[in-house]
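Structure file input30.cif with mmCIF, C-alpha atoms:
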data_entry
loop_
_atom_site.group_PDB
_atom_site.id
_atom_site.type_symbol
_atom_site.label_atom_id
_atom_site.label_comp_id
_atom_site.auth_asym_id
_atom_site.auth_seq_id
_atom_site.Cartn_x
_atom_site.Cartn_y
_atom_site.Cartn_z
ATOM 1 C CA MET C 1 334.950 286.186 148.134
ATOM 2 C CA ARG C 2 333.106 283.201 149.641
ATOM 3 C CA SER C 3 332.907 280.046 147.551
ATOM 4 C CA TYR C 4 329.472 278.900 146.422
ATOM 5 C CA SER C 5 330.336 275.266 147.104
ATOM 6 C CA LEU C 6 327.310 273.163 147.996
ATOM 7 C CA TYR C 7 329.294 271.804 150.934
ATOM 8 C CA ASP C 8 330.278 275.100 152.546
ATOM 9 C CA PRO C 9 328.718 274.790 156.040
ATOM 10 C CA TYR C 10 327.995 278.517 155.998
ATOM 11 C CA TRP C 11 324.866 278.019 153.873
ATOM 12 C CA ARG C 12 323.218 275.794 156.460
ATOM 13 C CA GLU C 13 324.762 277.206 159.612
ATOM 14 C CA GLY C 14 325.551 280.864 158.934
ATOM 15 C CA GLY C 15 322.000 282.198 158.603
ATOM 16 C CA ASP C 16 318.978 282.167 156.315
ATOM 17 C CA TYR C 17 320.256 281.315 152.838
ATOM 18 C CA ARG C 18 318.461 279.610 149.986
ATOM 19 C CA PRO C 19 319.515 278.143 146.638
ATOM 20 C CA ASN C 20 319.261 280.645 143.788
ATOM 21 C CA ILE C 21 319.202 279.738 140.071
ATOM 22 C CA VAL C 22 321.662 281.746 137.975
ATOM 23 C CA ALA C 23 321.440 279.884 134.632
ATOM 24 C CA TYR C 24 319.287 277.248 132.931
ATOM 25 C CA TYR C 25 319.064 275.985 129.375
ATOM 26 C CA TYR C 26 318.363 273.111 127.009
ATOM 27 C CA LYS C 27 321.090 272.258 124.506
ATOM 28 C CA GLN C 28 321.427 269.738 121.675
ATOM 29 C CA TRP C 29 325.111 268.745 121.325
ATOM 30 C CA LEU C 30 326.686 266.949 118.373
ATOM 31 C CA ASP C 31 330.318 266.110 117.589
ATOM 32 C CA TYR C 32 331.568 268.336 120.375
ATOM 33 C CA ASP C 33 334.694 268.315 122.527
ATOM 34 C CA MET C 34 334.587 271.066 125.127
ATOM 35 C CA ASP C 35 337.663 272.530 126.805
ATOM 36 C CA PHE C 36 338.090 272.062 130.531
ATOM 37 C CA HIS C 37 336.346 274.842 132.420
ATOM 38 C CA ALA C 38 334.699 275.541 135.801
ATOM 39 C CA HIS C 39 331.736 277.541 137.106
ATOM 40 C CA ASP C 40 331.362 279.676 140.208
ATOM 41 C CA ALA C 41 327.926 278.087 140.592
ATOM 42 C CA ILE C 42 326.857 274.480 141.286
ATOM 43 C CA GLU C 43 325.658 272.687 138.147
ATOM 44 C CA PHE C 44 323.134 269.966 137.349
ATOM 45 C CA MET C 45 323.535 268.332 133.914
ATOM 46 C CA TYR C 46 320.724 265.970 132.854
ATOM 47 C CA VAL C 47 320.837 263.755 129.749
ATOM 48 C CA ILE C 48 317.445 263.870 128.029
ATOM 49 C CA SER C 49 318.498 261.772 125.037
ATOM 50 C CA GLY C 50 321.629 260.321 123.464
ATOM 51 C CA THR C 51 324.983 259.688 125.107
ATOM 52 C CA CYS C 52 327.940 261.775 126.213
ATOM 53 C CA THR C 53 331.083 261.745 128.308
ATOM 54 C CA VAL C 54 331.760 264.129 131.169
ATOM 55 C CA GLU C 55 335.372 264.361 132.290
ATOM 56 C CA THR C 56 336.794 265.946 135.402
ATOM 57 C CA THR C 57 340.466 266.146 136.269
ATOM 58 C CA SER C 58 340.118 262.887 138.219
ATOM 59 C CA ASP C 59 337.245 260.901 136.652
ATOM 60 C CA VAL C 60 335.529 260.017 133.377
ATOM 61 C CA PHE C 61 331.742 259.434 133.373
ATOM 62 C CA GLN C 62 329.908 257.752 130.498
ATOM 63 C CA MET C 63 326.363 259.090 130.539
ATOM 64 C CA ARG C 64 323.140 258.131 128.771
ATOM 65 C CA LYS C 65 319.463 259.073 128.759
ATOM 66 C CA GLY C 66 318.170 259.469 132.315
ATOM 67 C CA ASP C 67 321.567 260.123 133.890
ATOM 68 C CA LEU C 68 322.182 263.159 136.075
ATOM 69 C CA ILE C 69 325.501 264.616 137.141
ATOM 70 C CA LEU C 70 325.973 267.101 139.978
ATOM 71 C CA LEU C 71 329.133 269.211 139.759
ATOM 72 C CA ASP C 72 330.108 271.334 142.718
ATOM 73 C CA ALA C 73 331.238 274.914 142.188
ATOM 74 C CA ARG C 74 334.745 275.307 140.754
ATOM 75 C CA VAL C 75 335.000 271.666 139.657
ATOM 76 C CA SER C 76 336.938 271.635 136.384
ATOM 77 C CA HIS C 77 335.141 269.546 133.748
ATOM 78 C CA LYS C 78 334.530 269.073 130.044
ATOM 79 C CA LEU C 79 331.788 267.577 127.856
ATOM 80 C CA ILE C 80 332.435 265.228 124.935
ATOM 81 C CA VAL C 81 329.647 264.233 122.530
ATOM 82 C CA PRO C 82 330.388 261.715 119.741
ATOM 83 C CA LYS C 83 329.678 262.448 116.103
ATOM 84 C CA GLU C 84 327.378 259.455 115.690
ATOM 85 C CA SER C 85 325.138 260.169 118.703
ATOM 86 C CA PRO C 86 323.669 263.625 119.360
ATOM 87 C CA CYS C 87 323.005 264.402 123.008
ATOM 88 C CA ARG C 88 320.263 266.672 124.310
ATOM 89 C CA MET C 89 320.845 268.006 127.812
ATOM 90 C CA LEU C 90 319.155 270.206 130.386
ATOM 91 C CA ASN C 91 321.478 272.268 132.576
ATOM 92 C CA VAL C 92 320.625 274.220 135.729
ATOM 93 C CA GLU C 93 323.189 276.239 137.672
ATOM 94 C CA PHE C 94 322.623 277.726 141.122
ATOM 95 C CA ASN C 95 324.393 279.457 143.982
ATOM 96 C CA PHE C 96 323.066 280.815 147.283
ATOM 97 C CA THR C 97 321.446 284.058 148.349
ATOM 98 C CA GLU C 98 319.724 285.447 151.427
ATOM 99 C CA CYS C 99 316.213 284.114 151.887
ATOM 100 C CA ASP C 100 314.647 287.552 151.419
ATOM 101 C CA GLY C 101 311.364 286.351 152.890
ATOM 102 C CA ILE C 102 311.288 283.225 150.696
ATOM 103 C CA TYR C 103 311.634 279.929 152.556
ATOM 104 C CA PRO C 104 312.613 277.169 153.253
ATOM 105 C CA SER C 105 316.243 278.023 153.894
ATOM 106 C CA MET C 106 319.088 275.533 153.516
ATOM 107 C CA MET C 107 319.191 275.282 157.295
ATOM 108 C CA GLN C 108 315.523 274.245 157.363
ATOM 109 C CA LEU C 109 315.938 271.815 154.466
ATOM 110 C CA VAL C 110 318.852 270.073 156.145
ATOM 111 C CA GLN C 111 317.037 269.887 159.468
ATOM 112 C CA GLY C 112 313.967 268.384 157.801
ATOM 113 C CA HIS C 113 315.631 265.911 155.432
ATOM 114 C CA GLU C 114 318.220 263.473 156.736
ATOM 115 C CA ALA C 115 319.253 262.389 153.217
ATOM 116 C CA LEU C 116 320.233 265.983 152.349
ATOM 117 C CA ALA C 117 322.244 266.308 155.566
ATOM 118 C CA GLN C 118 324.039 263.057 154.714
ATOM 119 C CA LEU C 119 324.783 264.249 151.179
ATOM 120 C CA LEU C 120 326.287 267.505 152.423
ATOM 121 C CA ASP C 121 328.369 265.639 154.992
ATOM 122 C CA ARG C 122 329.830 263.407 152.248
ATOM 123 C CA LYS C 123 331.270 266.434 150.407
ATOM 124 C CA VAL C 124 331.588 264.607 147.086
ATOM 125 C CA SER C 125 332.479 267.124 144.383
ATOM 126 C CA THR C 126 330.962 265.085 141.526
ATOM 127 C CA ILE C 127 327.977 262.733 141.756
ATOM 128 C CA VAL C 128 326.386 260.740 138.914
ATOM 129 C CA LEU C 129 322.938 259.268 139.482
ATOM 130 C CA ARG C 130 320.363 257.243 137.559
ATOM 131 C CA ASP C 131 317.022 259.045 137.605
ATOM 132 C CA PRO C 132 313.671 257.192 137.788
ATOM 133 C CA ASN C 133 312.183 260.256 135.999
ATOM 134 C CA GLU C 134 311.381 262.201 139.183
ATOM 135 C CA VAL C 135 314.351 264.562 138.824
ATOM 136 C CA HIS C 136 313.643 265.194 135.141
ATOM 137 C CA HIS C 137 310.077 266.191 135.955
ATOM 138 C CA THR C 138 311.266 268.644 138.626
ATOM 139 C CA LEU C 139 313.930 270.124 136.340
ATOM 140 C CA LYS C 140 311.373 270.682 133.564
ATOM 141 C CA SER C 141 309.027 272.352 136.047
ATOM 142 C CA ILE C 142 311.814 274.678 137.174
ATOM 143 C CA VAL C 143 312.540 275.758 133.601
ATOM 144 C CA MET C 144 308.849 276.321 132.887
ATOM 145 C CA GLU C 145 308.474 278.523 135.954
ATOM 146 C CA MET C 146 311.631 280.486 135.123
ATOM 147 C CA ASP C 147 310.535 281.038 131.525
ATOM 148 C CA THR C 148 307.145 282.459 132.469
ATOM 149 C CA GLY C 149 308.872 285.130 134.583
ATOM 150 C CA GLY C 150 307.308 287.502 137.098
ATOM 151 C CA ALA C 151 307.864 288.057 140.802
ATOM 152 C CA GLN C 152 305.032 285.675 141.681
ATOM 153 C CA ARG C 153 307.031 282.816 140.189
ATOM 154 C CA ARG C 154 310.004 283.228 142.519
ATOM 155 C CA SER C 155 308.486 281.321 145.413
ATOM 156 C CA MET C 156 307.424 278.387 143.239
ATOM 157 C CA THR C 157 310.841 278.221 141.567
ATOM 158 C CA HIS C 158 312.566 278.160 144.947
ATOM 159 C CA LEU C 159 310.270 275.414 146.230
ATOM 160 C CA LEU C 160 310.988 273.337 143.121
ATOM 161 C CA LEU C 161 314.739 273.845 143.516
ATOM 162 C CA ALA C 162 314.485 272.789 147.164
ATOM 163 C CA GLN C 163 312.529 269.719 146.022
ATOM 164 C CA LEU C 164 315.230 268.978 143.455
ATOM 165 C CA LEU C 165 317.972 269.019 146.088
ATOM 166 C CA VAL C 166 316.011 266.675 148.351
ATOM 167 C CA ARG C 167 315.220 264.267 145.480
ATOM 168 C CA VAL C 168 318.854 264.154 144.414
ATOM 169 C CA ALA C 169 319.936 263.594 148.014
ATOM 170 C CA ARG C 170 317.526 260.667 148.335
ATOM 171 C CA LEU C 171 318.761 259.132 145.092
ATOM 172 C CA ALA C 172 322.341 259.501 146.316
ATOM 173 C CA ALA C 173 321.420 257.855 149.632
ATOM 174 C CA ASP C 174 319.793 254.937 147.791
ATOM 175 C CA GLU C 175 322.852 254.528 145.581
ATOM 176 C CA ALA C 176 325.117 254.502 148.629
ATOM 177 C CA LYS C 177 322.991 251.797 150.278
ATOM 178 C CA ASP C 178 323.061 249.708 147.103
ATOM 179 C CA VAL C 179 326.848 249.887 146.980
ATOM 180 C CA ALA C 180 327.119 248.984 150.664
ATOM 181 C CA HIS C 181 324.682 246.071 150.544
ATOM 182 C CA GLY C 182 325.308 244.783 147.045
ATOM 183 C CA GLN C 183 323.224 244.321 143.912
ATOM 184 C CA HIS C 184 320.536 242.330 145.742
ATOM 185 C CA HIS C 185 319.619 245.388 147.798
ATOM 186 C CA ARG C 186 319.116 247.427 144.622
ATOM 187 C CA TYR C 187 316.667 244.930 143.128
ATOM 188 C CA VAL C 188 314.705 244.622 146.369
ATOM 189 C CA ARG C 189 314.508 248.417 146.702
ATOM 190 C CA LYS C 190 313.193 248.756 143.163
ATOM 191 C CA ALA C 191 310.697 245.961 143.811
ATOM 192 C CA THR C 192 309.320 247.717 146.899
ATOM 193 C CA GLU C 193 309.116 250.998 144.972
ATOM 194 C CA TYR C 194 307.107 249.250 142.247
ATOM 195 C CA ILE C 195 304.764 247.737 144.829
ATOM 196 C CA HIS C 196 304.152 251.121 146.477
ATOM 197 C CA GLN C 197 303.376 252.658 143.102
ATOM 198 C CA HIS C 198 301.013 249.872 141.963
ATOM 199 C CA TYR C 199 299.423 248.411 145.106
ATOM 200 C CA ASP C 200 296.030 249.689 143.883
ATOM 201 C CA CYS C 201 296.299 247.475 140.789
ATOM 202 C CA ASP C 202 295.801 243.734 140.429
ATOM 203 C CA ILE C 203 299.517 242.877 140.605
ATOM 204 C CA GLN C 204 301.246 239.617 141.462
ATOM 205 C CA ALA C 205 304.821 238.618 142.243
ATOM 206 C CA LYS C 206 305.507 237.889 138.560
ATOM 207 C CA ASP C 207 304.551 241.478 137.656
ATOM 208 C CA VAL C 208 306.975 242.857 140.236
ATOM 209 C CA ALA C 209 309.729 240.571 138.917
ATOM 210 C CA ALA C 210 309.098 241.734 135.350
ATOM 211 C CA ALA C 211 309.315 245.360 136.451
ATOM 212 C CA VAL C 212 312.824 244.829 137.867
ATOM 213 C CA SER C 213 313.918 242.412 135.095
ATOM 214 C CA LEU C 214 314.487 239.362 137.290
ATOM 215 C CA HIS C 215 313.164 235.817 137.266
ATOM 216 C CA PRO C 216 310.208 235.597 139.725
ATOM 217 C CA VAL C 217 311.734 232.732 141.722
ATOM 218 C CA TYR C 218 315.050 234.541 142.118
ATOM 219 C CA LEU C 219 313.388 237.813 143.138
ATOM 220 C CA GLN C 220 311.214 235.961 145.645
ATOM 221 C CA ARG C 221 314.320 234.444 147.219
ATOM 222 C CA ILE C 222 316.318 237.662 147.596
ATOM 223 C CA PHE C 223 313.206 239.628 148.634
ATOM 224 C CA LYS C 224 312.468 237.207 151.490
ATOM 225 C CA ALA C 225 316.133 237.235 152.541
ATOM 226 C CA ASN C 226 316.229 241.031 152.692
ATOM 227 C CA MET C 227 312.726 241.871 153.948
ATOM 228 C CA ASN C 228 311.890 238.786 156.052
ATOM 229 C CA VAL C 229 308.535 238.530 154.267
ATOM 230 C CA THR C 230 307.493 237.316 150.828
ATOM 231 C CA ILE C 231 306.404 239.716 148.096
ATOM 232 C CA THR C 232 302.809 238.584 148.587
ATOM 233 C CA GLU C 233 302.985 239.193 152.332
ATOM 234 C CA TYR C 234 304.588 242.617 151.843
ATOM 235 C CA LEU C 235 301.892 243.618 149.348
ATOM 236 C CA ALA C 236 299.114 242.395 151.656
ATOM 237 C CA GLU C 237 300.507 244.324 154.639
ATOM 238 C CA LEU C 238 300.872 247.486 152.557
ATOM 239 C CA ARG C 239 297.286 247.199 151.303
ATOM 240 C CA VAL C 240 295.995 246.807 154.849
ATOM 241 C CA GLU C 241 297.958 249.892 155.946
ATOM 242 C CA LYS C 242 296.419 251.892 153.108
ATOM 243 C CA ALA C 243 292.960 250.564 154.050
ATOM 244 C CA LYS C 244 293.516 251.608 157.678
ATOM 245 C CA MET C 245 294.387 255.112 156.498
ATOM 246 C CA LEU C 246 291.219 255.327 154.381
ATOM 247 C CA LEU C 247 289.057 253.986 157.205
ATOM 248 C CA ALA C 248 290.509 256.445 159.711
ATOM 249 C CA ARG C 249 290.907 259.593 157.623
ATOM 250 C CA SER C 250 288.274 259.470 154.897
ATOM 251 C CA ASP C 251 284.573 258.846 154.424
ATOM 252 C CA VAL C 252 285.099 256.310 151.629
ATOM 253 C CA PRO C 253 282.415 253.605 152.094
ATOM 254 C CA ILE C 254 283.811 250.348 153.436
ATOM 255 C CA ILE C 255 282.384 248.413 150.483
ATOM 256 C CA ASP C 256 284.488 250.559 148.102
ATOM 257 C CA ILE C 257 287.821 250.413 149.930
ATOM 258 C CA ALA C 258 288.752 247.051 148.409
ATOM 259 C CA ASP C 259 288.835 248.727 144.980
ATOM 260 C CA TYR C 260 291.070 251.511 146.315
ATOM 261 C CA ILE C 261 293.743 249.033 147.388
ATOM 262 C CA GLY C 262 293.726 246.739 144.352
ATOM 263 C CA LEU C 263 291.515 243.905 145.634
ATOM 264 C CA ASN C 264 288.652 242.712 143.440
ATOM 265 C CA SER C 265 286.901 240.812 146.238
ATOM 266 C CA ARG C 266 285.298 242.677 149.147
ATOM 267 C CA GLN C 267 285.011 239.380 151.000
ATOM 268 C CA TYR C 268 288.735 238.738 150.634
ATOM 269 C CA PHE C 269 289.466 242.301 151.745
ATOM 270 C CA SER C 270 287.475 241.818 154.959
ATOM 271 C CA MET C 271 289.161 238.484 155.626
ATOM 272 C CA LEU C 272 292.650 239.896 154.994
ATOM 273 C CA PHE C 273 292.012 243.001 157.103
ATOM 274 C CA LYS C 274 290.798 240.946 160.061
ATOM 275 C CA LYS C 275 293.719 238.531 159.734
ATOM 276 C CA VAL C 276 296.244 241.381 159.955
ATOM 277 C CA THR C 277 294.521 243.702 162.458
ATOM 278 C CA GLY C 278 292.366 241.336 164.483
ATOM 279 C CA MET C 279 289.156 243.228 163.721
ATOM 280 C CA SER C 280 286.812 243.802 160.809
ATOM 281 C CA PRO C 281 287.011 247.006 158.721
ATOM 282 C CA ALA C 282 283.729 248.200 160.249
ATOM 283 C CA ALA C 283 284.960 247.567 163.778
ATOM 284 C CA TYR C 284 288.231 249.359 163.036
ATOM 285 C CA ARG C 285 286.452 252.461 161.704
ATOM 286 C CA LYS C 286 284.113 252.418 164.705
ATOM 287 C CA SER C 287 287.080 252.228 167.094
ATOM 288 C CA ILE C 288 288.705 255.233 165.397
ATOM 289 C CA GLU C 289 285.461 257.236 165.575
ATOM 290 C CA THR C 290 285.062 256.372 169.268
ATOM 291 C CA MET C 291 288.646 257.420 169.991
ATOM 292 C CA GLN C 292 288.216 260.702 168.111
ATOM 293 C CA GLY C 293 285.003 261.414 170.006
ATOM 294 C CA PHE C 294 286.755 260.768 173.300
ATOM 295 C CA ASP C 295 289.574 263.125 172.341
ATOM 296 C CA LYS C 296 287.070 265.884 171.561
ATOM 297 C CA GLN C 297 285.470 265.443 174.979
ATOM 298 C CA LEU C 298 288.862 265.877 176.623
ATOM 299 C CA GLN C 299 289.421 269.104 174.721
#
What is this file in structure tokens?
Amino acid sequence: MRSYSLYDPYWREGGDYRPNIVAYYYKQWLDYDMDFHAHDAIEFMYVISGTCTVETTSDVFQMRKGDLILLDARVSHKLIVPKESPCRMLNVEFNFTECDGIYPSMMQLVQGHEALAQLLDRKVSTIVLRDPNEVHHTLKSIVMEMDTGGAQRRSMTHLLLAQLLVRVARLAADEAKDVAHGQHHRYVRKATEYIHQHYDCDIQAKDVAAAVSLHPVYLQRIFKANMNVTITEYLAELRVEKAKMLLARSDVPIIDIADYIGLNSRQYFSMLFKKVTGMSPAAYRKSIETMQGFDKQLQ
């Protein structure tokens, strides 16, 4: 019988196979010491609240709210929950099955997502990650789809499980980079993530520093050392890139675009855009329209 290990190359090289959920459940644990055991399936364990300890035969992991552990098939493990701290968890177990007309396959996922390919190449039997809430949201969506039942839900459940694998792979890749480059890299990465999520708001360097729990001066120093630009410069360049996208791909009026990218002053927006691109917003949109018209003539 073939193993359902996540790292068996057969699933991404042997044909059209997709992940397939075999078990899922919420569970509130209290004062519990589980015996060592193993599953034929791959398991995700997510801590919704409280604390717990997950032991394998080689490691001990202290886990808290927002932590996720991935256990490969046949990894022996046990769960310990202290008496004084109940722990609520969400578990999802999956193996692999033929695609049966439902895609993407593991082969397609690996080909389309470098982080997933890197994760599978690492072949780490147990991975613990800190979730920025993206994984939890996907896990909850999977359970909701599974609970509603019906054949029409199969495709959505598979897409969500594929999304889960990619998200976990990206988190693992980020963690690996942080370890390789040190703690500074982690803070800078979180700062850039915050900027990308809030560029449409009136944010300043001090707001970014507060979001990553660092002194503004210190964050400015390590950000410039890692990114070769200041936080203010990075934010300005990102806003201009978003403005270019809106000018090229939408019919949002130019006078409104400043609001879309977190700038209160339309005059400042025009000045910033011209400083970065060498042309005004109106001239940029006109150049895109001219180029698109020329392309249509060629067709």
Record the distance separating CA of Ser76 (chain C) and CA of Thr97 (chain C), expressed in Å with one decimal.
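Atom-to-atom, CA of Ser76 (chain C) to CA of Thr97 (chain C), that is 23.2 Å.
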Could you list, as a compact mmCIF listing (two decimals) with C-alpha atoms, in the coordinates of the input, every residue matched by the PyMOL selection byres ((chain C and resi 184-189) around 10) in this structure?
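What ended up in result38.txt:
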# COMPACT_ATOMS: atom_id res chain seq x y z
CA ASP C 174 319.79 254.94 147.79
CA GLU C 175 322.85 254.53 145.58
CA LYS C 177 322.99 251.80 150.28
CA ASP C 178 323.06 249.71 147.10
CA VAL C 179 326.85 249.89 146.98
CA ALA C 180 327.12 248.98 150.66
CA HIS C 181 324.68 246.07 150.54
CA GLY C 182 325.31 244.78 147.04
CA GLN C 183 323.22 244.32 143.91
CA LYS C 190 313.19 248.76 143.16
CA ALA C 191 310.70 245.96 143.81
CA THR C 192 309.32 247.72 146.90
CA GLU C 193 309.12 251.00 144.97
CA TYR C 194 307.11 249.25 142.25
CA ILE C 195 304.76 247.74 144.83
CA ALA C 209 309.73 240.57 138.92
CA ALA C 211 309.32 245.36 136.45
CA VAL C 212 312.82 244.83 137.87
CA SER C 213 313.92 242.41 135.10
CA LEU C 214 314.49 239.36 137.29
CA LEU C 219 313.39 237.81 143.14
CA GLN C 220 311.21 235.96 145.65
CA ILE C 222 316.32 237.66 147.60
CA PHE C 223 313.21 239.63 148.63
CA LYS C 224 312.47 237.21 151.49
CA ALA C 225 316.13 237.24 152.54
CA ASN C 226 316.23 241.03 152.69
CA MET C 227 312.73 241.87 153.95
CA ILE C 231 306.40 239.72 148.10
Would you translate the PyMOL selection byres ((chain C and resi 8) around 12) into the concrete set of residues it matches in this file, as a PyMOL selection string?
chain C and resi 2-7+9-14+17+42+72-73+95-96+106+120-125
Could the residues in this selection be written to a file with C-alpha atoms, as a PDB file, in the frame of the given file?
ATOM      1  CA  ARG C   2     333.106 283.201 149.641  1.00  0.00           C
ATOM      2  CA  SER C   3     332.907 280.046 147.551  1.00  0.00           C
ATOM      3  CA  TYR C   4     329.472 278.900 146.422  1.00  0.00           C
ATOM      4  CA  SER C   5     330.336 275.266 147.104  1.00  0.00           C
ATOM      5  CA  LEU C   6     327.310 273.163 147.996  1.00  0.00           C
ATOM      6  CA  TYR C   7     329.294 271.804 150.934  1.00  0.00           C
ATOM      7  CA  PRO C   9     328.718 274.790 156.040  1.00  0.00           C
ATOM      8  CA  TYR C  10     327.995 278.517 155.998  1.00  0.00           C
ATOM      9  CA  TRP C  11     324.866 278.019 153.873  1.00  0.00           C
ATOM     10  CA  ARG C  12     323.218 275.794 156.460  1.00  0.00           C
ATOM     11  CA  GLU C  13     324.762 277.206 159.612  1.00  0.00           C
ATOM     12  CA  GLY C  14     325.551 280.864 158.934  1.00  0.00           C
ATOM     13  CA  TYR C  17     320.256 281.315 152.838  1.00  0.00           C
ATOM     14  CA  ILE C  42     326.857 274.480 141.286  1.00  0.00           C
ATOM     15  CA  ASP C  72     330.108 271.334 142.718  1.00  0.00           C
ATOM     16  CA  ALA C  73     331.238 274.914 142.188  1.00  0.00           C
ATOM     17  CA  ASN C  95     324.393 279.457 143.982  1.00  0.00           C
ATOM     18  CA  PHE C  96     323.066 280.815 147.283  1.00  0.00           C
ATOM     19  CA  MET C 106     319.088 275.533 153.516  1.00  0.00           C
ATOM     20  CA  LEU C 120     326.287 267.505 152.423  1.00  0.00           C
ATOM     21  CA  ASP C 121     328.369 265.639 154.992  1.00  0.00           C
ATOM     22  CA  ARG C 122     329.830 263.407 152.248  1.00  0.00           C
ATOM     23  CA  LYS C 123     331.270 266.434 150.407  1.00  0.00           C
ATOM     24  CA  VAL C 124     331.588 264.607 147.086  1.00  0.00           C
ATOM     25  CA  SER C 125     332.479 267.124 144.383  1.00  0.00           C
TER      26      SER C 125
END
Here's the selection I'm unsure about, the PyMOL selection byres ((chain C and resi 28-32) around 8); applied to the file above, which residues does it give, as JSON, numbers by chain?
{"C": [26, 27, 33, 34, 79, 80, 81, 82, 83, 84, 85, 86, 87, 88, 89]}
Output the selection as a short mmCIF file (atom, residue, chain, number, x, y, z; two decimals), in the frame of the given file - C-alpha atoms for each residue.
data_model
loop_
_atom_site.label_atom_id
_atom_site.label_comp_id
_atom_site.auth_asym_id
_atom_site.auth_seq_id
_atom_site.Cartn_x
_atom_site.Cartn_y
_atom_site.Cartn_z
CA TYR C 26 318.36 273.11 127.01
CA LYS C 27 321.09 272.26 124.51
CA ASP C 33 334.69 268.32 122.53
CA MET C 34 334.59 271.07 125.13
CA LEU C 79 331.79 267.58 127.86
CA ILE C 80 332.44 265.23 124.94
CA VAL C 81 329.65 264.23 122.53
CA PRO C 82 330.39 261.71 119.74
CA LYS C 83 329.68 262.45 116.10
CA GLU C 84 327.38 259.46 115.69
CA SER C 85 325.14 260.17 118.70
CA PRO C 86 323.67 263.62 119.36
CA CYS C 87 323.00 264.40 123.01
CA ARG C 88 320.26 266.67 124.31
CA MET C 89 320.85 268.01 127.81
#
What does the structure give for the distance between CA of Gly278 (chain C) and CA of Arg221 (chain C), in Å to one decimal?
28.8 Å
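When all atoms listed in the file are used to compute distances to Tyr25 (chain C), the closest of the residues C:Val128, C:Val143, C:Ile203, C:Ile255 turns out to be C:Val143.
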Please, what distance in Å, to one decimal, runs between CA of Arg154 (chain C) and CA of Val135 (chain C)?
19.5 Å
Smallest atom-to-atom distance to Gln118 (chain C): which of C:Leu171, C:Leu68, C:Tyr234, C:Asn91, using only C-alpha atoms?
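Once distances to Gln118 (chain C) are computed over only C-alpha atoms, the minimum belongs to C:Leu171.
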Choose the residue, out of C:Met144, C:Val240, C:Ala248, C:Val276, that has the smallest atom-to-atom separation from Ile261 (chain C); count all atoms listed in the file.
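Ranking C:Met144, C:Val240, C:Ala248, C:Val276 by distance to Ile261 (chain C), first place goes to C:Val240.
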Excluding Leu238 (chain C) and residues on its chain fewer than 5 positions from it, collect all residues at most 12 Å away from it, counting all atoms listed in the file, and give them as a PDB file with C-alpha atoms, keeping the file's coordinate frame.
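Printed below is part30.pdb as written:
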ATOM      1  CA  THR C 192     309.320 247.717 146.899  1.00  0.00           C
ATOM      2  CA  GLU C 193     309.116 250.998 144.972  1.00  0.00           C
ATOM      3  CA  ILE C 195     304.764 247.737 144.829  1.00  0.00           C
ATOM      4  CA  HIS C 196     304.152 251.121 146.477  1.00  0.00           C
ATOM      5  CA  GLN C 197     303.376 252.658 143.102  1.00  0.00           C
ATOM      6  CA  HIS C 198     301.013 249.872 141.963  1.00  0.00           C
ATOM      7  CA  TYR C 199     299.423 248.411 145.106  1.00  0.00           C
ATOM      8  CA  ASP C 200     296.030 249.689 143.883  1.00  0.00           C
ATOM      9  CA  VAL C 229     308.535 238.530 154.267  1.00  0.00           C
ATOM     10  CA  ILE C 231     306.404 239.716 148.096  1.00  0.00           C
ATOM     11  CA  THR C 232     302.809 238.584 148.587  1.00  0.00           C
ATOM     12  CA  GLU C 233     302.985 239.193 152.332  1.00  0.00           C
ATOM     13  CA  ALA C 243     292.960 250.564 154.050  1.00  0.00           C
ATOM     14  CA  LYS C 244     293.516 251.608 157.678  1.00  0.00           C
ATOM     15  CA  MET C 245     294.387 255.112 156.498  1.00  0.00           C
ATOM     16  CA  ILE C 261     293.743 249.033 147.388  1.00  0.00           C
ATOM     17  CA  GLY C 262     293.726 246.739 144.352  1.00  0.00           C
ATOM     18  CA  LEU C 272     292.650 239.896 154.994  1.00  0.00           C
ATOM     19  CA  PHE C 273     292.012 243.001 157.103  1.00  0.00           C
ATOM     20  CA  VAL C 276     296.244 241.381 159.955  1.00  0.00           C
TER      21      VAL C 276
END
Can you tell me, as a PyMOL selection string, what residues are no more than 10 Å from Thr126 (chain C) when counting all atoms listed in the file, ignoring any on the same chain fewer than 6 positions away?
chain C and resi 43+56+58-59+61+69-73+75+77
Go through C:Leu164, C:Ile48, C:Ala169, C:Met291 one by one, measure the shortest atom-to-atom distance of each to Pro19 (chain C) using all atoms listed in the file, and give the residue with the smallest value.
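Closest residue, counting all atoms listed in the file: C:Leu164.
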Let me make sure I understand: among C:Tyr46, C:Ile127, C:Cys99, C:Ala115, which one has the smallest atom-to-atom distance to Leu159 (chain C) if we use only C-alpha atoms?
C:Cys99
Extract, using all atoms listed in the file, all DNA, RNA and protein residues at most 10 Å from Ile254 (chain C), discarding same-chain residues fewer than 2 positions from it, and format them as an MDAnalysis selection string.
chainID C and resid 243 246:247 251:252 256:259 266 269:270 281:282 285
At a cut-off of 8 Å from (318.8, 253.6, 134.4) in the coordinates of the file, what residues are picked up using all atoms listed in the file, written as a PyMOL selection string?
chain C and resi 65-67+130-132
